[in-house]
Amino acid sequence: MNKITYGRIRMRIMQVLWGKKKANAQEITRAINELEPIAHSTVQTHLRALEDKGALAHSVDDRTFVYFPLVEKEKVMKSKTMDFIEVLFSGSAESLVSYLANNKYITREEMKKAIQLFDKEEK
């Protein structure tokens, strides 16, 4: 299986499938259109690519392809997050957190909650 690249549209498709567990192309297109406009043909193109890469598969229900995810959401999130930190912050999660705090993307209250997560793990 080749490495799967997840751009914005492919992530939207996977998020729909992770949420719904299974959906046909029309349902996926409608769900994405609630967030941003997208052509049905674009969704179909990405579905084929994601299936070719092993990220999802389909079954047939009365001549309609019903897609379902083959990759776990947590694994993709971890990989995407690590790539993001590596590319933009030279692998430093501390630099990411500093950037978020300095540019007001995270509030003091949110930071306190994050620190509490670490405190729970240490107990």
# chains A, B, ... in the order shown; residues from 1 in each chain; ligands from 1
>>> select_by_dssp(residues="chain A", states="helix (DSSP H, G or I)", output="PyMOL selection string")
chain A and resi 8-20+25-33+40-52+73-89+93-102+108-122
>>> atom_distance(atom1="CA of Phe68 (chain A)", atom2="CA of Asn33 (chain A)")
19.1 Å
>>> closest_residue(among="A:Leu117, A:Ala57, A:Ile85, A:Val66", to="Glu27 (chain A)", atoms="only C-alpha atoms")
A:Val66
>>> closest_residue(among="A:Ala39, A:Ile4, A:Ala25, A:Ala93", to="Ser79 (chain A)", atoms="only C-alpha atoms")
A:Ile4
>>> select_by_dssp(residues="chain A", states="strand (DSSP E or B)", output="list in words")
Ala23, Asn24, Leu56, Ala57, His58, Ser59, Val60, Asp61, Thr64, Phe65, Val66, Tyr67, Phe68 and Pro69 of chain A
>>> write_last_selection(atoms="C-alpha atoms", output="compact mmCIF listing (two decimals), in the first residue's frame")
# COMPACT_ATOMS: atom_id res chain seq x y z
CA ALA A 23 -21.94 6.66 3.16
CA ASN A 24 -22.47 6.84 -0.57
CA LEU A 56 -11.34 3.21 2.28
CA ALA A 57 -13.34 0.53 0.50
CA HIS A 58 -16.85 0.11 -0.76
CA SER A 59 -19.68 -2.35 -0.85
CA VAL A 60 -22.53 -2.29 -3.34
CA ASP A 61 -26.09 -1.69 -2.21
CA THR A 64 -24.86 2.19 -5.30
CA PHE A 65 -21.32 2.21 -3.93
CA VAL A 66 -21.34 2.59 -0.15
CA TYR A 67 -17.95 3.66 1.17
CA PHE A 68 -16.45 2.90 4.57
CA PRO A 69 -13.07 3.79 6.12
>>> residues_around(residues="Tyr6 (chain A)", least_positions_apart="6", cutoff="12 Å", atoms="only C-alpha atoms", output="list in words")
Arg12, Ile13, Met14, Gln15, His46, Leu47, Ala49, Leu50, Lys53, Ala55, Val71, Lys73, Val76, Met77, Ser79, Lys80, Thr81 and Asp83 of chain A
>>> decode(residues="region 84-120 of chain A", atoms="N, CA and C atoms", output="PDB file, in the first residue's frame")
ATOM      1  N   PHE A  84       2.769  18.008  10.502  1.00  0.00           N
ATOM      2  CA  PHE A  84       2.561  19.440  10.689  1.00  0.00           C
ATOM      3  C   PHE A  84       3.640  20.042  11.596  1.00  0.00           C
ATOM      4  N   ILE A  85       3.875  19.394  12.719  1.00  0.00           N
ATOM      5  CA  ILE A  85       4.881  19.890  13.664  1.00  0.00           C
ATOM      6  C   ILE A  85       6.271  19.819  13.046  1.00  0.00           C
ATOM      7  N   GLU A  86       6.553  18.747  12.333  1.00  0.00           N
ATOM      8  CA  GLU A  86       7.868  18.591  11.703  1.00  0.00           C
ATOM      9  C   GLU A  86       8.105  19.668  10.640  1.00  0.00           C
ATOM     10  N   VAL A  87       7.131  19.881   9.786  1.00  0.00           N
ATOM     11  CA  VAL A  87       7.303  20.818   8.670  1.00  0.00           C
ATOM     12  C   VAL A  87       7.326  22.267   9.142  1.00  0.00           C
ATOM     13  N   LEU A  88       6.371  22.652   9.988  1.00  0.00           N
ATOM     14  CA  LEU A  88       6.253  24.061  10.356  1.00  0.00           C
ATOM     15  C   LEU A  88       7.050  24.463  11.593  1.00  0.00           C
ATOM     16  N   PHE A  89       7.351  23.504  12.469  1.00  0.00           N
ATOM     17  CA  PHE A  89       8.005  23.850  13.736  1.00  0.00           C
ATOM     18  C   PHE A  89       9.263  23.034  13.992  1.00  0.00           C
ATOM     19  N   SER A  90       9.869  22.532  12.931  1.00  0.00           N
ATOM     20  CA  SER A  90      11.119  21.767  13.013  1.00  0.00           C
ATOM     21  C   SER A  90      11.057  20.645  14.039  1.00  0.00           C
ATOM     22  N   GLY A  91       9.882  20.037  14.173  1.00  0.00           N
ATOM     23  CA  GLY A  91       9.736  18.904  15.076  1.00  0.00           C
ATOM     24  C   GLY A  91       9.520  19.273  16.533  1.00  0.00           C
ATOM     25  N   SER A  92       9.377  20.551  16.825  1.00  0.00           N
ATOM     26  CA  SER A  92       9.255  20.995  18.208  1.00  0.00           C
ATOM     27  C   SER A  92       7.798  21.288  18.577  1.00  0.00           C
ATOM     28  N   ALA A  93       7.216  20.424  19.397  1.00  0.00           N
ATOM     29  CA  ALA A  93       5.859  20.669  19.883  1.00  0.00           C
ATOM     30  C   ALA A  93       5.836  21.904  20.782  1.00  0.00           C
ATOM     31  N   GLU A  94       6.940  22.140  21.492  1.00  0.00           N
ATOM     32  CA  GLU A  94       7.038  23.335  22.333  1.00  0.00           C
ATOM     33  C   GLU A  94       6.909  24.606  21.491  1.00  0.00           C
ATOM     34  N   SER A  95       7.534  24.612  20.315  1.00  0.00           N
ATOM     35  CA  SER A  95       7.425  25.766  19.421  1.00  0.00           C
ATOM     36  C   SER A  95       5.988  25.958  18.948  1.00  0.00           C
ATOM     37  N   LEU A  96       5.298  24.862  18.692  1.00  0.00           N
ATOM     38  CA  LEU A  96       3.890  24.940  18.299  1.00  0.00           C
ATOM     39  C   LEU A  96       3.062  25.569  19.412  1.00  0.00           C
ATOM     40  N   VAL A  97       3.212  25.076  20.623  1.00  0.00           N
ATOM     41  CA  VAL A  97       2.438  25.597  21.754  1.00  0.00           C
ATOM     42  C   VAL A  97       2.765  27.060  21.991  1.00  0.00           C
ATOM     43  N   SER A  98       4.036  27.414  21.894  1.00  0.00           N
ATOM     44  CA  SER A  98       4.457  28.801  22.057  1.00  0.00           C
ATOM     45  C   SER A  98       3.810  29.686  20.997  1.00  0.00           C
ATOM     46  N   TYR A  99       3.807  29.220  19.763  1.00  0.00           N
ATOM     47  CA  TYR A  99       3.187  29.968  18.677  1.00  0.00           C
ATOM     48  C   TYR A  99       1.697  30.178  18.944  1.00  0.00           C
ATOM     49  N   LEU A 100       1.017  29.100  19.352  1.00  0.00           N
ATOM     50  CA  LEU A 100      -0.416  29.199  19.633  1.00  0.00           C
ATOM     51  C   LEU A 100      -0.694  30.213  20.742  1.00  0.00           C
ATOM     52  N   ALA A 101       0.106  30.185  21.790  1.00  0.00           N
ATOM     53  CA  ALA A 101      -0.096  31.098  22.915  1.00  0.00           C
ATOM     54  C   ALA A 101       0.241  32.542  22.523  1.00  0.00           C
ATOM     55  N   ASN A 102       1.373  32.733  21.862  1.00  0.00           N
ATOM     56  CA  ASN A 102       1.802  34.088  21.494  1.00  0.00           C
ATOM     57  C   ASN A 102       0.871  34.763  20.496  1.00  0.00           C
ATOM     58  N   ASN A 103       0.201  33.977  19.690  1.00  0.00           N
ATOM     59  CA  ASN A 103      -0.682  34.544  18.673  1.00  0.00           C
ATOM     60  C   ASN A 103      -2.154  34.427  19.040  1.00  0.00           C
ATOM     61  N   LYS A 104      -2.408  34.141  20.314  1.00  0.00           N
ATOM     62  CA  LYS A 104      -3.764  34.111  20.869  1.00  0.00           C
ATOM     63  C   LYS A 104      -4.680  33.085  20.207  1.00  0.00           C
ATOM     64  N   TYR A 105      -4.107  31.964  19.743  1.00  0.00           N
ATOM     65  CA  TYR A 105      -4.909  30.870  19.203  1.00  0.00           C
ATOM     66  C   TYR A 105      -5.368  29.926  20.306  1.00  0.00           C
ATOM     67  N   ILE A 106      -4.791  30.075  21.475  1.00  0.00           N
ATOM     68  CA  ILE A 106      -5.189  29.273  22.626  1.00  0.00           C
ATOM     69  C   ILE A 106      -5.310  30.215  23.820  1.00  0.00           C
ATOM     70  N   THR A 107      -6.389  30.059  24.564  1.00  0.00           N
ATOM     71  CA  THR A 107      -6.613  30.928  25.711  1.00  0.00           C
ATOM     72  C   THR A 107      -5.898  30.371  26.941  1.00  0.00           C
ATOM     73  N   ARG A 108      -5.797  31.202  27.937  1.00  0.00           N
ATOM     74  CA  ARG A 108      -5.192  30.781  29.205  1.00  0.00           C
ATOM     75  C   ARG A 108      -5.985  29.601  29.791  1.00  0.00           C
ATOM     76  N   GLU A 109      -7.311  29.661  29.697  1.00  0.00           N
ATOM     77  CA  GLU A 109      -8.151  28.579  30.217  1.00  0.00           C
ATOM     78  C   GLU A 109      -7.911  27.280  29.453  1.00  0.00           C
ATOM     79  N   GLU A 110      -7.801  27.361  28.142  1.00  0.00           N
ATOM     80  CA  GLU A 110      -7.520  26.164  27.340  1.00  0.00           C
ATOM     81  C   GLU A 110      -6.153  25.586  27.694  1.00  0.00           C
ATOM     82  N   MET A 111      -5.191  26.457  27.930  1.00  0.00           N
ATOM     83  CA  MET A 111      -3.854  26.003  28.307  1.00  0.00           C
ATOM     84  C   MET A 111      -3.899  25.310  29.666  1.00  0.00           C
ATOM     85  N   LYS A 112      -4.669  25.850  30.608  1.00  0.00           N
ATOM     86  CA  LYS A 112      -4.809  25.215  31.920  1.00  0.00           C
ATOM     87  C   LYS A 112      -5.399  23.808  31.788  1.00  0.00           C
ATOM     88  N   LYS A 113      -6.405  23.687  30.926  1.00  0.00           N
ATOM     89  CA  LYS A 113      -7.025  22.372  30.704  1.00  0.00           C
ATOM     90  C   LYS A 113      -6.020  21.395  30.102  1.00  0.00           C
ATOM     91  N   ALA A 114      -5.200  21.874  29.187  1.00  0.00           N
ATOM     92  CA  ALA A 114      -4.177  21.016  28.577  1.00  0.00           C
ATOM     93  C   ALA A 114      -3.167  20.562  29.628  1.00  0.00           C
ATOM     94  N   ILE A 115      -2.773  21.459  30.493  1.00  0.00           N
ATOM     95  CA  ILE A 115      -1.819  21.115  31.554  1.00  0.00           C
ATOM     96  C   ILE A 115      -2.438  20.091  32.499  1.00  0.00           C
ATOM     97  N   GLN A 116      -3.729  20.209  32.765  1.00  0.00           N
ATOM     98  CA  GLN A 116      -4.416  19.236  33.622  1.00  0.00           C
ATOM     99  C   GLN A 116      -4.374  17.836  33.010  1.00  0.00           C
ATOM    100  N   LEU A 117      -4.405  17.749  31.680  1.00  0.00           N
ATOM    101  CA  LEU A 117      -4.290  16.443  31.029  1.00  0.00           C
ATOM    102  C   LEU A 117      -2.952  15.801  31.343  1.00  0.00           C
ATOM    103  N   PHE A 118      -1.887  16.592  31.343  1.00  0.00           N
ATOM    104  CA  PHE A 118      -0.571  16.070  31.688  1.00  0.00           C
ATOM    105  C   PHE A 118      -0.519  15.650  33.161  1.00  0.00           C
ATOM    106  N   ASP A 119      -1.122  16.458  34.006  1.00  0.00           N
ATOM    107  CA  ASP A 119      -1.141  16.135  35.438  1.00  0.00           C
ATOM    108  C   ASP A 119      -1.863  14.821  35.696  1.00  0.00           C
ATOM    109  N   LYS A 120      -2.950  14.537  34.975  1.00  0.00           N
ATOM    110  CA  LYS A 120      -3.695  13.288  35.128  1.00  0.00           C
ATOM    111  C   LYS A 120      -2.839  12.098  34.736  1.00  0.00           C
TER     112      LYS A 120
END
